[in-house]
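Okay, run.cif now, which holds mmCIF, C-alpha atoms and all ligand atoms:
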data_work
loop_
_atom_site.label_atom_id
_atom_site.label_comp_id
_atom_site.auth_asym_id
_atom_site.auth_seq_id
_atom_site.Cartn_x
_atom_site.Cartn_y
_atom_site.Cartn_z
CA MET A 1 38.53 188.33 132.21
CA ALA A 2 38.14 184.57 131.84
CA GLY A 3 38.57 182.38 134.88
CA GLN A 4 37.95 184.99 137.56
CA ALA A 5 34.95 183.12 139.00
CA SER A 6 36.65 179.73 138.95
CA ASN A 7 38.80 180.50 141.98
CA LEU A 8 36.70 179.91 145.08
CA LEU A 9 38.56 182.39 147.28
CA LEU A 10 38.09 185.19 144.75
CA ALA A 11 34.46 184.15 144.27
CA SER A 12 33.90 184.37 148.04
CA LEU A 13 34.92 188.06 148.20
CA PRO A 14 32.32 190.85 148.14
CA PRO A 15 31.95 192.13 144.52
CA ALA A 16 33.63 195.52 145.03
CA CYS A 17 36.60 193.96 146.77
CA ARG A 18 36.84 191.15 144.20
CA ASN A 19 36.68 193.55 141.24
CA SER A 20 39.35 195.77 142.74
CA LEU A 21 41.67 192.76 143.04
CA ILE A 22 40.79 191.34 139.63
CA ALA A 23 41.67 194.65 137.99
CA ARG A 24 45.25 194.12 139.18
CA LEU A 25 45.55 190.37 138.67
CA LYS A 26 47.16 189.04 135.51
CA PRO A 27 46.21 185.68 133.95
CA VAL A 28 49.17 183.33 133.54
CA THR A 29 49.70 179.83 132.17
CA LEU A 30 51.75 177.61 134.46
CA PRO A 31 53.24 174.50 132.79
CA LEU A 32 54.09 171.29 134.65
CA ARG A 33 56.91 171.74 137.23
CA THR A 34 56.77 175.54 137.30
CA ALA A 35 57.99 176.60 140.78
CA LEU A 36 55.59 178.93 142.58
CA TYR A 37 57.74 179.44 145.66
CA GLU A 38 60.91 177.99 147.17
CA PRO A 39 61.72 177.16 150.83
CA ASP A 40 62.54 180.06 153.16
CA GLU A 41 61.87 182.68 150.50
CA THR A 42 59.30 185.42 150.28
CA PRO A 43 57.27 184.57 147.17
CA LYS A 44 57.55 186.94 144.24
CA PHE A 45 53.90 186.53 143.25
CA ALA A 46 50.63 185.50 144.84
CA HIS A 47 48.67 182.96 142.74
CA PHE A 48 44.94 182.31 142.67
CA ILE A 49 44.76 179.02 140.73
CA THR A 50 41.97 178.93 138.14
CA SER A 51 42.69 175.45 136.74
CA GLY A 52 45.16 172.63 137.42
CA ILE A 53 46.94 171.62 140.61
CA ALA A 54 49.99 172.75 142.57
CA SER A 55 51.79 170.53 145.09
CA ILE A 56 53.26 171.56 148.43
CA VAL A 57 56.33 169.44 149.12
CA ILE A 58 58.73 169.01 152.03
CA SER A 59 62.25 167.75 151.29
CA MET A 60 64.37 165.90 153.85
CA SER A 61 68.15 166.21 154.23
CA ASP A 62 68.72 162.90 152.39
CA GLY A 63 66.87 164.25 149.34
CA ALA A 64 63.65 162.31 149.89
CA SER A 65 60.52 164.40 149.52
CA SER A 66 56.86 164.02 150.24
CA GLU A 67 53.82 165.99 149.26
CA VAL A 68 52.10 167.54 152.25
CA GLY A 69 49.31 169.39 150.52
CA VAL A 70 47.81 170.55 147.27
CA TRP A 71 46.29 173.72 145.93
CA GLY A 72 43.65 173.78 143.25
CA THR A 73 41.02 176.36 142.49
CA GLU A 74 39.96 176.52 146.13
CA GLY A 75 42.42 179.09 147.37
CA LEU A 76 45.51 181.22 147.30
CA VAL A 77 48.80 179.31 147.00
CA GLU A 78 50.82 181.77 149.11
CA SER A 79 48.17 182.27 151.82
CA PHE A 80 50.38 180.93 154.64
CA HIS A 81 53.08 183.45 153.71
CA LEU A 82 50.64 186.29 154.34
CA LEU A 83 50.12 185.38 158.00
CA GLY A 84 53.46 186.46 159.42
CA ARG A 85 57.20 186.61 159.05
CA ALA A 86 57.95 182.91 159.71
CA ARG A 87 60.04 181.25 157.04
CA ILE A 88 58.04 178.58 155.24
CA PRO A 89 60.14 175.42 154.71
CA THR A 90 57.99 173.95 151.92
CA ARG A 91 58.29 174.43 148.19
CA CYS A 92 55.38 174.55 145.82
CA PHE A 93 55.27 173.68 142.13
CA ILE A 94 52.78 172.81 139.42
CA GLN A 95 51.84 169.12 139.26
CA MET A 96 49.15 169.39 136.58
CA ASP A 97 49.26 172.12 133.91
CA ALA A 98 47.60 175.12 135.47
CA THR A 99 46.33 178.62 134.92
CA ALA A 100 46.21 181.30 137.58
CA LEU A 101 45.54 184.93 138.26
CA ARG A 102 48.52 186.52 139.94
CA MET A 103 49.83 189.77 141.33
CA PRO A 104 53.05 190.75 143.12
CA PHE A 105 53.04 189.15 146.58
CA LYS A 106 53.87 192.45 148.31
CA GLU A 107 50.83 194.10 146.74
CA LEU A 108 48.51 191.38 147.98
CA GLN A 109 50.18 191.54 151.39
CA LYS A 110 49.22 195.22 151.56
CA GLU A 111 45.61 194.35 150.66
CA PHE A 112 45.61 191.62 153.32
CA LEU A 113 46.76 194.05 156.00
CA GLU A 114 44.47 196.90 154.97
CA LYS A 115 41.21 195.20 153.92
CA ALA A 116 39.18 193.15 156.39
CA GLU A 117 37.29 191.31 153.61
CA VAL A 118 40.51 190.06 152.02
CA ARG A 119 41.91 189.12 155.42
CA GLN A 120 38.76 187.22 156.36
CA SER A 121 38.74 185.17 153.14
CA VAL A 122 42.45 184.39 153.32
CA LEU A 123 42.18 183.34 156.97
CA GLN A 124 39.22 181.11 156.10
CA CYS A 125 41.27 179.57 153.31
CA VAL A 126 44.22 178.96 155.67
CA GLN A 127 41.95 177.51 158.32
CA SER A 128 40.43 175.00 155.90
CA GLN A 129 43.84 174.12 154.46
CA GLY A 130 45.20 173.64 158.00
CA PHE A 131 42.46 171.16 158.85
CA ILE A 132 42.99 169.37 155.55
CA LEU A 133 46.75 169.08 156.11
CA GLY A 134 46.01 167.48 159.50
CA GLN A 135 43.50 165.07 157.99
CA LEU A 136 45.93 164.04 155.26
CA ALA A 137 48.78 163.58 157.75
CA ALA A 138 46.57 161.16 159.71
CA CYS A 139 45.49 159.52 156.46
CA ASN A 140 49.07 158.87 155.35
CA ARG A 141 49.82 157.34 158.74
CA LEU A 142 46.68 155.21 159.19
CA HIS A 143 45.20 154.27 155.83
CA GLU A 144 46.37 151.75 153.22
CA ALA A 145 47.86 152.78 149.88
CA GLU A 146 44.92 151.57 147.78
CA GLU A 147 42.25 153.50 149.71
CA ARG A 148 44.51 156.57 149.83
CA LEU A 149 45.08 156.36 146.08
CA ALA A 150 41.30 156.13 145.52
CA ARG A 151 40.84 159.18 147.76
CA TRP A 152 43.53 161.07 145.89
CA LEU A 153 42.20 160.25 142.42
CA LEU A 154 38.77 161.56 143.47
CA MET A 155 40.29 164.74 144.93
CA VAL A 156 42.12 165.35 141.64
CA ARG A 157 38.93 164.59 139.70
CA ASP A 158 37.05 167.22 141.73
CA ARG A 159 39.74 169.83 141.13
CA VAL A 160 40.20 169.29 137.39
CA GLN A 161 36.48 168.53 136.95
CA SER A 162 37.16 165.65 134.60
CA GLU A 163 36.98 161.86 134.92
CA ALA A 164 40.15 161.50 132.81
CA TYR A 165 43.50 163.20 133.30
CA PHE A 166 47.26 162.65 133.19
CA LEU A 167 49.23 161.90 136.37
CA THR A 168 52.86 160.86 136.57
CA GLN A 169 53.75 157.89 138.79
CA GLU A 170 56.27 160.18 140.47
CA PHE A 171 53.43 162.52 141.43
CA MET A 172 51.31 159.69 142.78
CA ALA A 173 54.24 158.22 144.74
CA ASN A 174 55.09 161.63 146.21
CA MET A 175 51.48 162.23 147.11
CA LEU A 176 51.09 158.88 148.83
CA GLY A 177 54.51 159.05 150.50
CA ALA A 178 54.97 155.58 149.02
CA ARG A 179 57.35 153.80 146.69
CA ARG A 180 56.49 153.67 143.01
CA THR A 181 56.05 149.90 143.24
CA THR A 182 53.42 150.41 145.97
CA VAL A 183 51.59 152.93 143.79
CA THR A 184 51.76 150.61 140.77
CA ALA A 185 50.31 147.77 142.84
CA ALA A 186 47.52 149.96 144.26
CA ALA A 187 46.63 151.34 140.81
CA GLY A 188 46.67 147.78 139.44
CA GLU A 189 44.24 146.66 142.12
CA LEU A 190 41.83 149.56 141.44
CA GLN A 191 42.06 148.70 137.74
CA ARG A 192 41.43 145.01 138.40
CA LYS A 193 38.25 145.97 140.27
CA GLY A 194 37.06 147.89 137.21
CA LEU A 195 37.13 151.27 138.97
CA ILE A 196 39.83 153.00 136.89
CA LYS A 197 41.92 152.57 133.79
CA TYR A 198 45.55 153.62 134.00
CA SER A 199 47.82 153.56 130.99
CA ARG A 200 50.90 155.64 130.13
CA GLY A 201 50.08 158.18 132.81
CA ARG A 202 46.47 158.63 131.77
CA VAL A 203 43.93 157.94 134.50
CA SER A 204 40.29 157.31 133.54
CA ILE A 205 37.77 156.90 136.32
CA VAL A 206 35.41 154.22 135.02
CA ASP A 207 33.21 153.78 138.10
CA PRO A 208 33.18 156.97 140.26
CA GLU A 209 30.72 155.59 142.83
CA GLY A 210 32.73 152.39 143.18
CA LEU A 211 35.95 154.38 143.53
CA GLU A 212 34.34 156.47 146.27
CA ARG A 213 33.32 153.29 148.10
CA ASN A 214 36.95 152.14 147.90
CA ALA A 215 38.35 155.49 149.11
CA CYS A 216 39.09 156.05 152.78
CA GLU A 217 36.80 158.30 154.81
CA CYS A 218 39.23 161.21 154.35
CA TYR A 219 37.81 161.91 150.89
CA ARG A 220 34.38 162.73 152.31
CA THR A 221 35.84 164.54 155.33
CA VAL A 222 37.98 166.85 153.18
CA LYS A 223 35.17 167.47 150.73
CA LYS A 224 32.83 168.40 153.58
CA LEU A 225 35.44 170.83 154.93
CA TYR A 226 35.44 172.63 151.58
CA LEU A 227 31.66 172.64 151.37
CA ASP A 228 31.38 174.04 154.89
CA PHE A 229 34.06 176.69 154.45
CA TYR A 230 32.88 177.90 151.09
CA SER A 231 29.16 177.64 151.84
CA GLY A 232 28.29 175.47 148.89
CA THR A 233 30.60 177.07 146.34
CA ALA A 234 33.11 174.15 146.48
CA PRO A 235 33.52 171.77 143.51
CA ALA A 236 30.72 169.22 143.27
ZN ZN B 1 42.47 158.47 154.61
#

Would it be possible to restate this file's structure as structure tokens?
Amino acid sequence: MAGQASNLLLASLPPACRNSLIARLKPVTLPLRTALYEPDETPKFAHFITSGIASIVISMSDGASSEVGVWGTEGLVESFHLLGRARIPTRCFIQMDATALRMPFKELQKEFLEKAEVRQSVLQCVQSQGFILGQLAACNRLHEAEERLARWLLMVRDRVQSEAYFLTQEFMANMLGARRTTVTAAAGELQRKGLIKYSRGRVSIVDPEGLERNACECYRTVKKLYLDFYSGTAPA
């Protein structure tokens, strides 16, 4: 089955355990804006992303929303739901066309409860995601829009493994917790410095090293967390 090795959590499982799961996982294509789970609901499926990006978003009572995390090929989208019965107030949907391997959530929940190897990998995934959420919360509070945008563009680059990709301004604004005008200004400044090209939603990273120098320290911190947690199997 194509794509089975491109999810880092699946790849981290012992072969027998991984093959047993893969035999029951179905490949699916997930177009832009597909909802993976809604607030306060038990997910119908568990998704191991094999390409693309999903966003975790919190909505406020006035309708404003902000992205609080992302899932790419590093983990299991519904991993927090496996930990207990608490209602999860976030929603998650596809931000960049994605593919995934999925199975009914209840089936994976049974595996999680019965198999130590699955439990260990999921807990490791949740632990790394928890640290990353904390880092990004501090980042959004302390770092300027331009360095955050540089950090974000590099994180997306690592997940889609391409220097060029499409991103909507809405996505970037949500991700940065900033107004569109702020995002436009930050993207314009990165473009003026010759680090990226941005036109009609298409981002091209022209100078990756320069972009990394312009990104806040959170890019390297988050990348190191992945490298540490997945023992060198994280995206380069
Ligand atoms: Zn930062």

List as a tab-separated table every residue of chain A that is in contact with ligand ZN 1 (chain B), defined as an atom at most 12 Å from one of its atoms (using all atoms listed in the file), together with the nearest atom pair and the distance in Å rounded to one decimal, sorted by chain and then rising number.
residue	atom	partner	partner_atom	distance
A:Ile132	CA	B:ZN1	ZN	11.0
A:Leu133	CA	B:ZN1	ZN	11.5
A:Gly134	CA	B:ZN1	ZN	10.8
A:Gln135	CA	B:ZN1	ZN	7.5
A:Leu136	CA	B:ZN1	ZN	6.6
A:Ala137	CA	B:ZN1	ZN	8.7
A:Ala138	CA	B:ZN1	ZN	7.1
A:Cys139	CA	B:ZN1	ZN	3.7
A:Asn140	CA	B:ZN1	ZN	6.7
A:Arg141	CA	B:ZN1	ZN	8.5
A:Leu142	CA	B:ZN1	ZN	7.0
A:His143	CA	B:ZN1	ZN	5.2
A:Glu144	CA	B:ZN1	ZN	7.9
A:Ala145	CA	B:ZN1	ZN	9.2
A:Glu146	CA	B:ZN1	ZN	10.0
A:Glu147	CA	B:ZN1	ZN	7.0
A:Arg148	CA	B:ZN1	ZN	5.5
A:Leu149	CA	B:ZN1	ZN	9.2
A:Ala150	CA	B:ZN1	ZN	9.5
A:Arg151	CA	B:ZN1	ZN	7.1
A:Trp152	CA	B:ZN1	ZN	9.2
A:Met155	CA	B:ZN1	ZN	11.7
A:Leu176	CA	B:ZN1	ZN	10.4
A:Glu212	CA	B:ZN1	ZN	11.8
A:Asn214	CA	B:ZN1	ZN	10.8
A:Ala215	CA	B:ZN1	ZN	7.5
A:Cys216	CA	B:ZN1	ZN	4.5
A:Glu217	CA	B:ZN1	ZN	5.7
A:Cys218	CA	B:ZN1	ZN	4.3
A:Tyr219	CA	B:ZN1	ZN	6.9
A:Arg220	CA	B:ZN1	ZN	9.4
A:Thr221	CA	B:ZN1	ZN	9.0
A:Val222	CA	B:ZN1	ZN	9.6

Of A:Phe80, A:Phe48, A:Phe105, A:Tyr37, the one nearest to Gln124 of chain A when counting only C-alpha atoms is A:Phe80

The residue from A:Leu36, A:Leu154, A:Leu113, A:Ala64 with the smallest atom-to-atom distance to Ala173 of chain A, counting only C-alpha atoms, is A:Ala64

* Asked: Do you know which residues lie at most 9 Å from (37.2, 148.5, 141.6), with coordinates as in the file and all atoms listed in the file counted, and could you write them as a ChimeraX atom specification?
  -> /A:189-196,206-207,210-211,213-214

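Nearest to Pro27 of chain A of all the residues A:His47, A:Arg102, A:Lys197, A:His81 is A:Arg102, counting all atoms listed in the file.
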
Within 12 Å of segment 83-97 of chain A, which residues of segment 2-53 of chain A show up? Give each one with its shortest atom-to-atom distance in Å (one decimal) and the two atoms involved, counting only C-alpha atoms, rows by chain then rising residue number, as a tab-separated table.
residue	atom	partner	partner_atom	distance
A:Val28	CA	A:Asp97	CA	11.2
A:Thr29	CA	A:Asp97	CA	7.9
A:Leu30	CA	A:Asp97	CA	6.1
A:Pro31	CA	A:Asp97	CA	4.8
A:Leu32	CA	A:Asp97	CA	5.0
A:Arg33	CA	A:Ile94	CA	4.8
A:Thr34	CA	A:Ile94	CA	5.3
A:Ala35	CA	A:Phe93	CA	4.2
A:Leu36	CA	A:Phe93	CA	5.3
A:Tyr37	CA	A:Cys92	CA	5.4
A:Glu38	CA	A:Arg91	CA	4.5
A:Pro39	CA	A:Pro89	CA	4.5
A:Asp40	CA	A:Arg87	CA	4.8
A:Glu41	CA	A:Arg87	CA	6.9
A:Thr42	CA	A:Arg87	CA	8.0
A:Pro43	CA	A:Ile88	CA	10.1
A:Ala46	CA	A:Cys92	CA	12.0
A:His47	CA	A:Cys92	CA	11.2
A:Ile49	CA	A:Ile94	CA	10.2
A:Thr50	CA	A:Asp97	CA	10.8
A:Ser51	CA	A:Asp97	CA	7.9
A:Gly52	CA	A:Met96	CA	5.2
A:Ile53	CA	A:Met96	CA	5.1

Residue subset to file, keeping C-alpha atoms, as a tab-separated table (two decimals), in the coordinates of the input:
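Just written: part-v1.tsv:
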chain	number	residue	atom	x	y	z
A	28	VAL	CA	49.17	183.33	133.54
A	29	THR	CA	49.70	179.83	132.17
A	30	LEU	CA	51.75	177.61	134.46
A	31	PRO	CA	53.24	174.50	132.79
A	32	LEU	CA	54.09	171.29	134.65
A	33	ARG	CA	56.91	171.74	137.23
A	34	THR	CA	56.77	175.54	137.30
A	35	ALA	CA	57.99	176.60	140.78
A	36	LEU	CA	55.59	178.93	142.58
A	37	TYR	CA	57.74	179.44	145.66
A	38	GLU	CA	60.91	177.99	147.17
A	39	PRO	CA	61.72	177.16	150.83
A	40	ASP	CA	62.54	180.06	153.16
A	41	GLU	CA	61.87	182.68	150.50
A	42	THR	CA	59.30	185.42	150.28
A	43	PRO	CA	57.27	184.57	147.17
A	46	ALA	CA	50.63	185.50	144.84
A	47	HIS	CA	48.67	182.96	142.74
A	49	ILE	CA	44.76	179.02	140.73
A	50	THR	CA	41.97	178.93	138.14
A	51	SER	CA	42.69	175.45	136.74
A	52	GLY	CA	45.16	172.63	137.42
A	53	ILE	CA	46.94	171.62	140.61

Please indicate the distance in Å from atom CA of Asn174 of chain A to atom CA of Glu67 of chain A, rounded to one decimal place.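 Interatomic distance, atom CA of Asn174 of chain A to atom CA of Glu67 of chain A: 5.5 Å.
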
Atom CA of Lys44 of chain A sits from atom CA of Val77 of chain A at a separation of 11.9 Å

One decimal place gives the atom CA of Arg202 of chain A-atom CA of Phe166 of chain A separation as 4.3 Å

Selected residue of minimal separation from Pro14 of chain A among A:Val57, A:Met172, A:Val203, A:Val118, counting all atoms listed in the file: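 Of the candidates, the smallest distance to Pro14 of chain A is held by A:Val118.
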